[in-house]
Amino acid sequence: MRLIAGLIARRIVPFVQIGDEVARGDRISLIQFGSRADVYLPRNARIKVKINDRVVGGETVIAVFEIEPSRS
């Protein structure tokens with residue numbers, strides 16, 4: 001994940017530091033006034049949202065991960 005401050009207000013308030021472990025649904029920052037968050041996912045992620053969908057931190061599921069069967 002990368003947090004990018006907007007050109008005008010430049011308002012990102014981080015709640016965690018680089019290297020901190022977070023759990024599903026944890027809030028990691030407050031992003032205001034045109035700033036954004038880029039989320040990078042592995043290739044095996046199945047995306048659940050579409051372009052222009054409105055997402056809510058801690059509520060919206062943006063992707064799920066398929067568990068590959070073990071090769072025994």
# chains A, B, ... in the order shown; residues from 1 in each chain; ligands from 1

call {"tool": "residues_around", "arguments": {"residues": "Ile28 in chain A", "least_positions_apart": "4", "cutoff": "10 Å", "atoms": "only C-alpha atoms", "output": "number ranges by chain"}}
result
A: 13-17, 20, 22-23, 57-58

call {"tool": "write_last_selection", "arguments": {"atoms": "N, CA and C atoms", "output": "compact mmCIF listing (two decimals), in the first residue's frame"}}
result
# COMPACT_ATOMS: atom_id res chain seq x y z
N VAL A 13 -2.86 11.36 7.82
CA VAL A 13 -2.50 11.19 9.22
C VAL A 13 -2.29 9.69 9.45
N PRO A 14 -1.03 9.22 9.47
CA PRO A 14 -0.78 7.78 9.64
C PRO A 14 -0.99 7.33 11.09
N PHE A 15 -1.53 6.13 11.25
CA PHE A 15 -1.70 5.53 12.58
C PHE A 15 -0.65 4.44 12.83
N VAL A 16 0.04 4.00 11.78
CA VAL A 16 1.05 2.94 11.88
C VAL A 16 2.35 3.43 11.24
N GLN A 17 3.41 2.67 11.48
CA GLN A 17 4.71 3.00 10.90
C GLN A 17 5.14 1.89 9.96
N ASP A 20 5.15 -2.10 10.74
CA ASP A 20 4.14 -2.54 11.71
C ASP A 20 3.26 -3.62 11.09
N VAL A 22 -0.36 -5.36 10.71
CA VAL A 22 -1.77 -4.98 10.84
C VAL A 22 -2.63 -6.19 10.55
N ALA A 23 -3.81 -6.20 11.13
CA ALA A 23 -4.75 -7.29 10.92
C ALA A 23 -5.86 -6.83 9.98
N GLY A 57 -13.26 2.26 4.36
CA GLY A 57 -12.19 1.59 5.10
C GLY A 57 -12.74 0.74 6.24
N GLY A 58 -12.27 -0.49 6.34
CA GLY A 58 -12.70 -1.38 7.41
C GLY A 58 -14.03 -2.06 7.15

call {"tool": "select_by_dssp", "arguments": {"residues": "range 2-69 of chain A", "states": "strand (DSSP E or B)", "output": "list in words"}}
result
Arg2, Leu3, Ile4, Arg11, Ile12, Val13, Pro14, Ser29, Leu30, Ile31, Gln32, Arg36, Ala37, Asp38, Ala45, Arg46, Ile47, Ala63, Val64 and Phe65 of chain A

call {"tool": "residues_around", "arguments": {"residues": "Phe65 in chain A", "least_positions_apart": "4", "cutoff": "12 Å", "atoms": "only C-alpha atoms", "output": "MDAnalysis selection string"}}
result
chainID A and resid 41:48 61

call {"tool": "closest_residue", "arguments": {"among": "A:Ile18, A:Val64, A:Ala5, A:Val56", "to": "Phe33 in chain A", "atoms": "only C-alpha atoms"}}
result
A:Ala5

call {"tool": "residues_around", "arguments": {"residues": "Ala37 in chain A", "least_positions_apart": "3", "cutoff": "10 Å", "atoms": "only C-alpha atoms", "output": "VMD selection string"}}
result
chain A and resid 1 to 5 12 29 31 40

call {"tool": "decode", "arguments": {"residues": "range 17-63 of chain A", "atoms": "N, CA and C atoms", "output": "PDB file, in the first residue's frame"}}
result
ATOM      1  N   GLN A  17       3.409   2.674  11.477  1.00  0.00           N
ATOM      2  CA  GLN A  17       4.714   3.004  10.903  1.00  0.00           C
ATOM      3  C   GLN A  17       5.136   1.885   9.960  1.00  0.00           C
ATOM      4  N   ILE A  18       6.086   2.151   9.093  1.00  0.00           N
ATOM      5  CA  ILE A  18       6.603   1.135   8.177  1.00  0.00           C
ATOM      6  C   ILE A  18       7.106  -0.046   8.998  1.00  0.00           C
ATOM      7  N   GLY A  19       6.695  -1.245   8.606  1.00  0.00           N
ATOM      8  CA  GLY A  19       7.116  -2.460   9.298  1.00  0.00           C
ATOM      9  C   GLY A  19       6.130  -2.946  10.347  1.00  0.00           C
ATOM     10  N   ASP A  20       5.151  -2.103  10.743  1.00  0.00           N
ATOM     11  CA  ASP A  20       4.140  -2.541  11.709  1.00  0.00           C
ATOM     12  C   ASP A  20       3.262  -3.622  11.085  1.00  0.00           C
ATOM     13  N   GLU A  21       2.858  -4.589  11.894  1.00  0.00           N
ATOM     14  CA  GLU A  21       1.922  -5.606  11.422  1.00  0.00           C
ATOM     15  C   GLU A  21       0.511  -5.118  11.669  1.00  0.00           C
ATOM     16  N   VAL A  22      -0.361  -5.359  10.708  1.00  0.00           N
ATOM     17  CA  VAL A  22      -1.767  -4.979  10.844  1.00  0.00           C
ATOM     18  C   VAL A  22      -2.634  -6.193  10.552  1.00  0.00           C
ATOM     19  N   ALA A  23      -3.807  -6.201  11.133  1.00  0.00           N
ATOM     20  CA  ALA A  23      -4.753  -7.294  10.921  1.00  0.00           C
ATOM     21  C   ALA A  23      -5.857  -6.827   9.983  1.00  0.00           C
ATOM     22  N   ARG A  24      -6.591  -7.768   9.462  1.00  0.00           N
ATOM     23  CA  ARG A  24      -7.701  -7.453   8.573  1.00  0.00           C
ATOM     24  C   ARG A  24      -8.651  -6.468   9.255  1.00  0.00           C
ATOM     25  N   GLY A  25      -8.988  -5.402   8.542  1.00  0.00           N
ATOM     26  CA  GLY A  25      -9.924  -4.416   9.066  1.00  0.00           C
ATOM     27  C   GLY A  25      -9.303  -3.322   9.919  1.00  0.00           C
ATOM     28  N   ASP A  26      -7.999  -3.442  10.224  1.00  0.00           N
ATOM     29  CA  ASP A  26      -7.336  -2.392  11.009  1.00  0.00           C
ATOM     30  C   ASP A  26      -7.297  -1.089  10.220  1.00  0.00           C
ATOM     31  N   ARG A  27      -7.470   0.003  10.920  1.00  0.00           N
ATOM     32  CA  ARG A  27      -7.322   1.312  10.283  1.00  0.00           C
ATOM     33  C   ARG A  27      -5.861   1.708  10.376  1.00  0.00           C
ATOM     34  N   ILE A  28      -5.311   2.141   9.241  1.00  0.00           N
ATOM     35  CA  ILE A  28      -3.892   2.461   9.220  1.00  0.00           C
ATOM     36  C   ILE A  28      -3.627   3.951   9.070  1.00  0.00           C
ATOM     37  N   SER A  29      -4.621   4.712   8.616  1.00  0.00           N
ATOM     38  CA  SER A  29      -4.412   6.155   8.461  1.00  0.00           C
ATOM     39  C   SER A  29      -5.743   6.857   8.226  1.00  0.00           C
ATOM     40  N   LEU A  30      -5.673   8.175   8.288  1.00  0.00           N
ATOM     41  CA  LEU A  30      -6.800   9.032   7.939  1.00  0.00           C
ATOM     42  C   LEU A  30      -6.353   9.823   6.720  1.00  0.00           C
ATOM     43  N   ILE A  31      -7.105   9.704   5.625  1.00  0.00           N
ATOM     44  CA  ILE A  31      -6.749  10.365   4.377  1.00  0.00           C
ATOM     45  C   ILE A  31      -7.823  11.394   4.069  1.00  0.00           C
ATOM     46  N   GLN A  32      -7.400  12.652   3.877  1.00  0.00           N
ATOM     47  CA  GLN A  32      -8.365  13.734   3.694  1.00  0.00           C
ATOM     48  C   GLN A  32      -8.070  14.552   2.443  1.00  0.00           C
ATOM     49  N   PHE A  33      -9.087  15.255   1.971  1.00  0.00           N
ATOM     50  CA  PHE A  33      -8.947  16.321   0.978  1.00  0.00           C
ATOM     51  C   PHE A  33      -8.203  15.921  -0.289  1.00  0.00           C
ATOM     52  N   GLY A  34      -8.663  14.887  -0.960  1.00  0.00           N
ATOM     53  CA  GLY A  34      -8.094  14.544  -2.255  1.00  0.00           C
ATOM     54  C   GLY A  34      -6.861  13.673  -2.227  1.00  0.00           C
ATOM     55  N   SER A  35      -6.402  13.286  -1.050  1.00  0.00           N
ATOM     56  CA  SER A  35      -5.279  12.353  -0.980  1.00  0.00           C
ATOM     57  C   SER A  35      -5.807  10.969  -1.348  1.00  0.00           C
ATOM     58  N   ARG A  36      -4.916  10.020  -1.581  1.00  0.00           N
ATOM     59  CA  ARG A  36      -5.378   8.697  -2.001  1.00  0.00           C
ATOM     60  C   ARG A  36      -4.501   7.589  -1.453  1.00  0.00           C
ATOM     61  N   ALA A  37      -5.020   6.371  -1.548  1.00  0.00           N
ATOM     62  CA  ALA A  37      -4.266   5.177  -1.166  1.00  0.00           C
ATOM     63  C   ALA A  37      -4.219   4.246  -2.370  1.00  0.00           C
ATOM     64  N   ASP A  38      -3.030   3.832  -2.765  1.00  0.00           N
ATOM     65  CA  ASP A  38      -2.860   2.822  -3.809  1.00  0.00           C
ATOM     66  C   ASP A  38      -2.648   1.485  -3.110  1.00  0.00           C
ATOM     67  N   VAL A  39      -3.398   0.472  -3.506  1.00  0.00           N
ATOM     68  CA  VAL A  39      -3.301  -0.851  -2.894  1.00  0.00           C
ATOM     69  C   VAL A  39      -2.732  -1.813  -3.931  1.00  0.00           C
ATOM     70  N   TYR A  40      -1.659  -2.476  -3.583  1.00  0.00           N
ATOM     71  CA  TYR A  40      -1.021  -3.448  -4.468  1.00  0.00           C
ATOM     72  C   TYR A  40      -1.376  -4.845  -3.986  1.00  0.00           C
ATOM     73  N   LEU A  41      -1.866  -5.682  -4.905  1.00  0.00           N
ATOM     74  CA  LEU A  41      -2.311  -7.029  -4.557  1.00  0.00           C
ATOM     75  C   LEU A  41      -1.554  -8.059  -5.376  1.00  0.00           C
ATOM     76  N   PRO A  42      -1.384  -9.271  -4.835  1.00  0.00           N
ATOM     77  CA  PRO A  42      -0.721 -10.326  -5.611  1.00  0.00           C
ATOM     78  C   PRO A  42      -1.619 -10.786  -6.767  1.00  0.00           C
ATOM     79  N   ARG A  43      -1.021 -11.434  -7.730  1.00  0.00           N
ATOM     80  CA  ARG A  43      -1.754 -11.874  -8.928  1.00  0.00           C
ATOM     81  C   ARG A  43      -2.909 -12.824  -8.618  1.00  0.00           C
ATOM     82  N   ASN A  44      -2.811 -13.581  -7.524  1.00  0.00           N
ATOM     83  CA  ASN A  44      -3.876 -14.546  -7.228  1.00  0.00           C
ATOM     84  C   ASN A  44      -5.064 -13.912  -6.494  1.00  0.00           C
ATOM     85  N   ALA A  45      -5.057 -12.596  -6.319  1.00  0.00           N
ATOM     86  CA  ALA A  45      -6.179 -11.917  -5.672  1.00  0.00           C
ATOM     87  C   ALA A  45      -7.331 -11.790  -6.664  1.00  0.00           C
ATOM     88  N   ARG A  46      -8.550 -12.080  -6.196  1.00  0.00           N
ATOM     89  CA  ARG A  46      -9.749 -11.895  -7.028  1.00  0.00           C
ATOM     90  C   ARG A  46     -10.399 -10.582  -6.602  1.00  0.00           C
ATOM     91  N   ILE A  47     -10.374  -9.593  -7.481  1.00  0.00           N
ATOM     92  CA  ILE A  47     -10.858  -8.248  -7.177  1.00  0.00           C
ATOM     93  C   ILE A  47     -12.386  -8.255  -7.071  1.00  0.00           C
ATOM     94  N   LYS A  48     -12.913  -7.654  -6.007  1.00  0.00           N
ATOM     95  CA  LYS A  48     -14.351  -7.633  -5.743  1.00  0.00           C
ATOM     96  C   LYS A  48     -14.999  -6.272  -6.029  1.00  0.00           C
ATOM     97  N   VAL A  49     -14.208  -5.241  -6.306  1.00  0.00           N
ATOM     98  CA  VAL A  49     -14.762  -3.915  -6.586  1.00  0.00           C
ATOM     99  C   VAL A  49     -14.498  -3.549  -8.043  1.00  0.00           C
ATOM    100  N   LYS A  50     -15.263  -2.583  -8.541  1.00  0.00           N
ATOM    101  CA  LYS A  50     -15.104  -2.118  -9.907  1.00  0.00           C
ATOM    102  C   LYS A  50     -14.642  -0.663  -9.901  1.00  0.00           C
ATOM    103  N   ILE A  51     -14.165  -0.190 -11.028  1.00  0.00           N
ATOM    104  CA  ILE A  51     -13.776   1.213 -11.163  1.00  0.00           C
ATOM    105  C   ILE A  51     -14.972   2.083 -10.812  1.00  0.00           C
ATOM    106  N   ASN A  52     -14.720   3.140 -10.057  1.00  0.00           N
ATOM    107  CA  ASN A  52     -15.718   4.119  -9.593  1.00  0.00           C
ATOM    108  C   ASN A  52     -16.604   3.619  -8.454  1.00  0.00           C
ATOM    109  N   ASP A  53     -16.386   2.386  -7.940  1.00  0.00           N
ATOM    110  CA  ASP A  53     -17.106   1.955  -6.738  1.00  0.00           C
ATOM    111  C   ASP A  53     -16.637   2.801  -5.559  1.00  0.00           C
ATOM    112  N   ARG A  54     -17.544   3.078  -4.654  1.00  0.00           N
ATOM    113  CA  ARG A  54     -17.181   3.785  -3.428  1.00  0.00           C
ATOM    114  C   ARG A  54     -16.836   2.733  -2.375  1.00  0.00           C
ATOM    115  N   VAL A  55     -15.681   2.857  -1.753  1.00  0.00           N
ATOM    116  CA  VAL A  55     -15.257   1.899  -0.731  1.00  0.00           C
ATOM    117  C   VAL A  55     -15.132   2.604   0.605  1.00  0.00           C
ATOM    118  N   VAL A  56     -15.355   1.847   1.670  1.00  0.00           N
ATOM    119  CA  VAL A  56     -15.286   2.380   3.029  1.00  0.00           C
ATOM    120  C   VAL A  56     -14.250   1.567   3.788  1.00  0.00           C
ATOM    121  N   GLY A  57     -13.256   2.262   4.356  1.00  0.00           N
ATOM    122  CA  GLY A  57     -12.195   1.592   5.098  1.00  0.00           C
ATOM    123  C   GLY A  57     -12.741   0.744   6.240  1.00  0.00           C
ATOM    124  N   GLY A  58     -12.273  -0.486   6.335  1.00  0.00           N
ATOM    125  CA  GLY A  58     -12.701  -1.384   7.406  1.00  0.00           C
ATOM    126  C   GLY A  58     -14.034  -2.056   7.151  1.00  0.00           C
ATOM    127  N   GLU A  59     -14.712  -1.718   6.033  1.00  0.00           N
ATOM    128  CA  GLU A  59     -16.017  -2.308   5.725  1.00  0.00           C
ATOM    129  C   GLU A  59     -16.048  -2.986   4.363  1.00  0.00           C
ATOM    130  N   THR A  60     -15.515  -2.333   3.334  1.00  0.00           N
ATOM    131  CA  THR A  60     -15.597  -2.848   1.972  1.00  0.00           C
ATOM    132  C   THR A  60     -14.523  -3.895   1.724  1.00  0.00           C
ATOM    133  N   VAL A  61     -14.922  -5.053   1.219  1.00  0.00           N
ATOM    134  CA  VAL A  61     -13.973  -6.093   0.817  1.00  0.00           C
ATOM    135  C   VAL A  61     -13.535  -5.746  -0.602  1.00  0.00           C
ATOM    136  N   ILE A  62     -12.237  -5.472  -0.775  1.00  0.00           N
ATOM    137  CA  ILE A  62     -11.773  -5.096  -2.103  1.00  0.00           C
ATOM    138  C   ILE A  62     -11.237  -6.286  -2.897  1.00  0.00           C
ATOM    139  N   ALA A  63     -10.811  -7.351  -2.214  1.00  0.00           N
ATOM    140  CA  ALA A  63     -10.299  -8.533  -2.908  1.00  0.00           C
ATOM    141  C   ALA A  63     -10.360  -9.736  -1.986  1.00  0.00           C
TER     142      ALA A  63
END
